[in-house]
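Asker: Quick one: this structure, given as structure tokens, is what I'll be asking you about.
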There are 2 protein chains.
Amino acid sequence: MAYELYYWPTIQGRGEFVRLALEEAGADYTDVARERGVDAMLSLWDAQDTSRPPFAPPFLKHGTKLIGQTAAILHCLGTKHGLAPKEEGARLWTHQLQLTIADLVNEVHDTHHPLSAELYYEEQKREAALRAKHFRESRLLKFLGWFEQVLERNPRGRSHLVGARLTYADLSLFQVVEGLRYAFPMATERATARCPCVVALNAAVAQRPRVASYLASPRRIPFSEEDIFRSYPELDG
Amino acid sequence: MAYELYYWPTIQGRGEFVRLALEEAGADYTDVARERGVDAMLSLWDAQDTSRPPFAPPFLKHGTKLIGQTAAILHCLGTKHGLAPKEEGARLWTHQLQLTIADLVNEVHDTHHPLSAELYYEEQKREAALRAKHFRESRLLKFLGWFEQVLERNPRGRSHLVGARLTYADLSLFQVVEGLRYAFPMATERATARCPCVVALNAAVAQRPRVASYLASPRRIPFSEEDIFRSYPELDG
């Protein structure tokens, strides 16, 4: 049975972490709003008869099961598709890594929307400049440096965040580095110069056949200034 | 074997969600930084020999196991102590609820620190006023209304978020309502007037013997303006 992914059809956003896992798994899935229009997503989101309504996209449907929250979706998918360790402790550690990526993604979003997601960026540019400066100077290397440390300390080697095989956390860290390079090219270059394992992991993931094929396909939505990672040169430095 | 909870010793913060679960479970635990000083927390946080270093407090140690990320800690504790359903789908739904609470808590934090956690509130009061207005007018009822809907639609009744028994998600929603009432008394009163099930759940949790005993004890740190939920009258309305 095919998965149905529900996410905004014109951005990578948080849905991209799920898309990458589905693609690497070779899973059969429909990207519902892209294929059937955004109303198909909204009608399930607003459905009055779901006892477990999702709070926000992305959410994933598989048969009668509906699950929301990016990290929870990946926790499920990872187990089913060999993208997470089988051992419970390692599986939970993978999930912790994803939750920390979620924290990072929230902070990136707020660099261009520090006051309100309902105001345009142009209405909060001054505040965005201050928030982005804080992110670049205090948070970016703190996050990437922690992932570097996780890679360095992995008893099974520095090629993966957890164990000796690819997990969804590796895919997600790949995506974060791609996004950071798009949004903050100068600051990210400085930070990643101190994180060689993170850089190597990013490159290795990009070369995986299914990931490479996905990235080259029209299924990969380009980065844009409607998305979480936005290229505003005035926010880099 | 006793749990060791590592969290900042003078605030409720994100650690409070873990404290509430440990207290309701009647679990044997040490609140390490409160009992042995903050250095005892920092030394484990900074330890060079941990292969799974926590990114930030809270983290929980049980024997040789160390786990970070509030929602992941609760996911574990819930299963071990009967504060989460046994059935996998329901257990994951409980986790989703907690992840949405984590999102809400992040947004509350940013109402008083929209620019940088490293600046004082007094240095970002103007921006905090704007962010708090957005939170009160667009986000507060969106979150609480969603939890109300979850309670209304629970096939096992409106007394709990999941199933017919208390879960850690109920404890966490209790804590969020307490915090919101402290931080935004007027706005929360207006929002909760439309969320009777959320209000009833909050009252029911407060009356549980172990919770009531904890809240009346010196172990419960009072709310304060060093914490996530802060009472700044200028941010309410």
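Residues are named by chain letter and number: chains run A, B, ... in the order of the structure tokens, numbers start at 1 in each chain, and ligands are numbered from 1 in the order shown.
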Quick check: residues of chain A within 8 Å of chain B, only C-alpha atoms, returned as a PyMOL selection string.
Answerer: chain A and resi 50-53+55+67-69+72+92-93+95-96+99-100+114-116+127-128+130-131+134+146+150+153-155
Asker: Got a sec: who's within 10 Å of B:Thr10, counting only C-alpha atoms, leaving out chain neighbours fewer than 3 positions off, as a PyMOL selection string?
Answerer: chain B and resi 7+13+33-34+38+221-224+226-227
Asker: Excluding stretch 182-196 of chain A and any residue of its chain fewer than 3 positions from it, enumerate the residues within 6 Å of it, using only C-alpha atoms, and give them as an MDAnalysis selection string.
Answerer: chainID A and resid 141 148 179 199 229:231 236:237
Asker: Within 12 Å of A:Ala40, counting only C-alpha atoms, which residues qualify if same-chain residues fewer than 6 places away don't, as number ranges by chain?
Answerer: A: 4-9, 30-34, 46-47
Asker: What's the separation between atom CA of A:Leu20 and atom CA of A:Leu171, in Å to one decimal place?
Answerer: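 Spanning atom CA of A:Leu20 to atom CA of A:Leu171 is a straight-line distance of 6.7 Å.
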Asker: Can you check which residues of stretch 11-216 of chain B DSSP gives as strand (DSSP E or B) on the backbone and send them as a list in words?
Answerer: Tyr29, Thr30, Asp31, Phe59, Leu60, Lys61, His62, Lys65, Leu66, Ile67 and Gly68 of chain B
Asker: Take the residues from that selection and write them out as a PDB file, in the first residue's frame, keeping N, CA and C atoms.
Answerer:
```
ATOM      1  N   TYR B  29      13.980   9.315  42.091  1.00  0.00           N
ATOM      2  CA  TYR B  29      14.867  10.123  41.251  1.00  0.00           C
ATOM      3  C   TYR B  29      15.602  11.181  42.052  1.00  0.00           C
ATOM      4  N   THR B  30      16.741  11.567  41.524  1.00  0.00           N
ATOM      5  CA  THR B  30      17.527  12.670  42.069  1.00  0.00           C
ATOM      6  C   THR B  30      17.479  13.812  41.074  1.00  0.00           C
ATOM      7  N   ASP B  31      17.156  15.002  41.560  1.00  0.00           N
ATOM      8  CA  ASP B  31      17.191  16.193  40.708  1.00  0.00           C
ATOM      9  C   ASP B  31      18.606  16.752  40.891  1.00  0.00           C
ATOM     10  N   PHE B  59      18.351  16.224  30.545  1.00  0.00           N
ATOM     11  CA  PHE B  59      18.666  14.847  30.165  1.00  0.00           C
ATOM     12  C   PHE B  59      18.535  13.956  31.388  1.00  0.00           C
ATOM     13  N   LEU B  60      18.278  12.694  31.130  1.00  0.00           N
ATOM     14  CA  LEU B  60      17.947  11.752  32.197  1.00  0.00           C
ATOM     15  C   LEU B  60      18.905  10.579  32.120  1.00  0.00           C
ATOM     16  N   LYS B  61      19.434  10.209  33.268  1.00  0.00           N
ATOM     17  CA  LYS B  61      20.366   9.094  33.331  1.00  0.00           C
ATOM     18  C   LYS B  61      19.722   7.964  34.126  1.00  0.00           C
ATOM     19  N   HIS B  62      19.844   6.778  33.621  1.00  0.00           N
ATOM     20  CA  HIS B  62      19.322   5.607  34.322  1.00  0.00           C
ATOM     21  C   HIS B  62      20.328   4.493  34.116  1.00  0.00           C
ATOM     22  N   LYS B  65      22.435   4.409  30.870  1.00  0.00           N
ATOM     23  CA  LYS B  65      21.701   5.054  29.770  1.00  0.00           C
ATOM     24  C   LYS B  65      21.520   6.534  30.023  1.00  0.00           C
ATOM     25  N   LEU B  66      21.771   7.319  28.981  1.00  0.00           N
ATOM     26  CA  LEU B  66      21.634   8.765  29.072  1.00  0.00           C
ATOM     27  C   LEU B  66      20.750   9.188  27.909  1.00  0.00           C
ATOM     28  N   ILE B  67      19.688   9.934  28.219  1.00  0.00           N
ATOM     29  CA  ILE B  67      18.784  10.336  27.141  1.00  0.00           C
ATOM     30  C   ILE B  67      18.415  11.805  27.271  1.00  0.00           C
ATOM     31  N   GLY B  68      18.435  12.497  26.130  1.00  0.00           N
ATOM     32  CA  GLY B  68      18.090  13.906  26.075  1.00  0.00           C
ATOM     33  C   GLY B  68      16.832  14.138  25.293  1.00  0.00           C
TER      34      GLY B  68
END
```
Asker: Please give the complete set of residues from stretch 90-178 of chain A that DSSP, run on the backbone, assigns to helix (DSSP H, G or I), formatted as a PyMOL selection string.
Answerer: chain A and resi 90-112+121-123+125-153+168-178
Asker: With C-alpha atoms retained, export the selected residues as a PDB file, in the first residue's frame.
Answerer:
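Below is the file result_35.pdb, written as the result:
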```pdb
ATOM      1  CA  ALA A  90      20.052   3.303  19.273  1.00  0.00           C
ATOM      2  CA  ARG A  91      16.657   3.879  17.717  1.00  0.00           C
ATOM      3  CA  LEU A  92      15.813   6.407  20.401  1.00  0.00           C
ATOM      4  CA  TRP A  93      19.207   8.087  19.992  1.00  0.00           C
ATOM      5  CA  THR A  94      18.458   8.492  16.269  1.00  0.00           C
ATOM      6  CA  HIS A  95      15.161  10.101  17.237  1.00  0.00           C
ATOM      7  CA  GLN A  96      16.948  12.487  19.621  1.00  0.00           C
ATOM      8  CA  LEU A  97      19.197  13.587  16.774  1.00  0.00           C
ATOM      9  CA  GLN A  98      16.118  14.289  14.648  1.00  0.00           C
ATOM     10  CA  LEU A  99      14.490  16.282  17.457  1.00  0.00           C
ATOM     11  CA  THR A 100      17.625  18.412  17.674  1.00  0.00           C
ATOM     12  CA  ILE A 101      17.460  18.963  13.923  1.00  0.00           C
ATOM     13  CA  ALA A 102      13.854  20.067  14.412  1.00  0.00           C
ATOM     14  CA  ASP A 103      15.039  22.615  16.983  1.00  0.00           C
ATOM     15  CA  LEU A 104      17.628  23.897  14.536  1.00  0.00           C
ATOM     16  CA  VAL A 105      15.049  24.180  11.758  1.00  0.00           C
ATOM     17  CA  ASN A 106      12.742  26.182  14.043  1.00  0.00           C
ATOM     18  CA  GLU A 107      15.571  28.588  14.761  1.00  0.00           C
ATOM     19  CA  VAL A 108      16.378  28.963  11.072  1.00  0.00           C
ATOM     20  CA  HIS A 109      12.752  29.797  10.351  1.00  0.00           C
ATOM     21  CA  ASP A 110      12.793  32.501  12.975  1.00  0.00           C
ATOM     22  CA  THR A 111      15.866  34.185  11.481  1.00  0.00           C
ATOM     23  CA  HIS A 112      13.595  35.645   8.796  1.00  0.00           C
ATOM     24  CA  TYR A 121       9.789  39.309   5.901  1.00  0.00           C
ATOM     25  CA  GLU A 122       9.879  42.868   4.589  1.00  0.00           C
ATOM     26  CA  GLU A 123       7.877  43.941   7.636  1.00  0.00           C
ATOM     27  CA  LYS A 125      13.740  43.025   8.294  1.00  0.00           C
ATOM     28  CA  ARG A 126      15.378  44.985  11.090  1.00  0.00           C
ATOM     29  CA  GLU A 127      14.480  42.351  13.680  1.00  0.00           C
ATOM     30  CA  ALA A 128      15.438  39.553  11.275  1.00  0.00           C
ATOM     31  CA  ALA A 129      18.903  41.075  10.908  1.00  0.00           C
ATOM     32  CA  LEU A 130      19.381  40.957  14.688  1.00  0.00           C
ATOM     33  CA  ARG A 131      18.015  37.454  15.073  1.00  0.00           C
ATOM     34  CA  ALA A 132      20.080  36.174  12.133  1.00  0.00           C
ATOM     35  CA  LYS A 133      23.226  37.696  13.614  1.00  0.00           C
ATOM     36  CA  HIS A 134      22.576  35.829  16.859  1.00  0.00           C
ATOM     37  CA  PHE A 135      21.941  32.634  14.921  1.00  0.00           C
ATOM     38  CA  ARG A 136      25.112  32.953  12.867  1.00  0.00           C
ATOM     39  CA  GLU A 137      27.321  33.893  15.803  1.00  0.00           C
ATOM     40  CA  SER A 138      25.960  31.724  18.604  1.00  0.00           C
ATOM     41  CA  ARG A 139      23.756  28.955  17.324  1.00  0.00           C
ATOM     42  CA  LEU A 140      24.991  27.743  13.947  1.00  0.00           C
ATOM     43  CA  LEU A 141      28.330  26.361  15.118  1.00  0.00           C
ATOM     44  CA  LYS A 142      26.792  25.155  18.369  1.00  0.00           C
ATOM     45  CA  PHE A 143      24.438  22.908  16.392  1.00  0.00           C
ATOM     46  CA  LEU A 144      26.870  21.824  13.674  1.00  0.00           C
ATOM     47  CA  GLY A 145      29.656  21.349  16.187  1.00  0.00           C
ATOM     48  CA  TRP A 146      27.437  19.052  18.213  1.00  0.00           C
ATOM     49  CA  PHE A 147      26.706  16.916  15.152  1.00  0.00           C
ATOM     50  CA  GLU A 148      30.430  16.860  14.408  1.00  0.00           C
ATOM     51  CA  GLN A 149      31.022  15.608  17.945  1.00  0.00           C
ATOM     52  CA  VAL A 150      28.356  12.931  17.515  1.00  0.00           C
ATOM     53  CA  LEU A 151      30.089  11.734  14.337  1.00  0.00           C
ATOM     54  CA  GLU A 152      33.540  11.820  15.955  1.00  0.00           C
ATOM     55  CA  ARG A 153      32.351   9.803  18.923  1.00  0.00           C
ATOM     56  CA  TYR A 168      17.115   9.024   8.487  1.00  0.00           C
ATOM     57  CA  ALA A 169      19.153  11.290  10.787  1.00  0.00           C
ATOM     58  CA  ASP A 170      21.973  11.242   8.227  1.00  0.00           C
ATOM     59  CA  LEU A 171      19.500  12.197   5.494  1.00  0.00           C
ATOM     60  CA  SER A 172      18.142  15.007   7.660  1.00  0.00           C
ATOM     61  CA  LEU A 173      21.585  16.365   8.476  1.00  0.00           C
ATOM     62  CA  PHE A 174      22.355  16.315   4.751  1.00  0.00           C
ATOM     63  CA  GLN A 175      19.239  18.416   4.136  1.00  0.00           C
ATOM     64  CA  VAL A 176      20.088  20.864   6.917  1.00  0.00           C
ATOM     65  CA  VAL A 177      23.576  21.451   5.529  1.00  0.00           C
ATOM     66  CA  GLU A 178      22.116  21.992   2.044  1.00  0.00           C
TER      67      GLU A 178
END
```
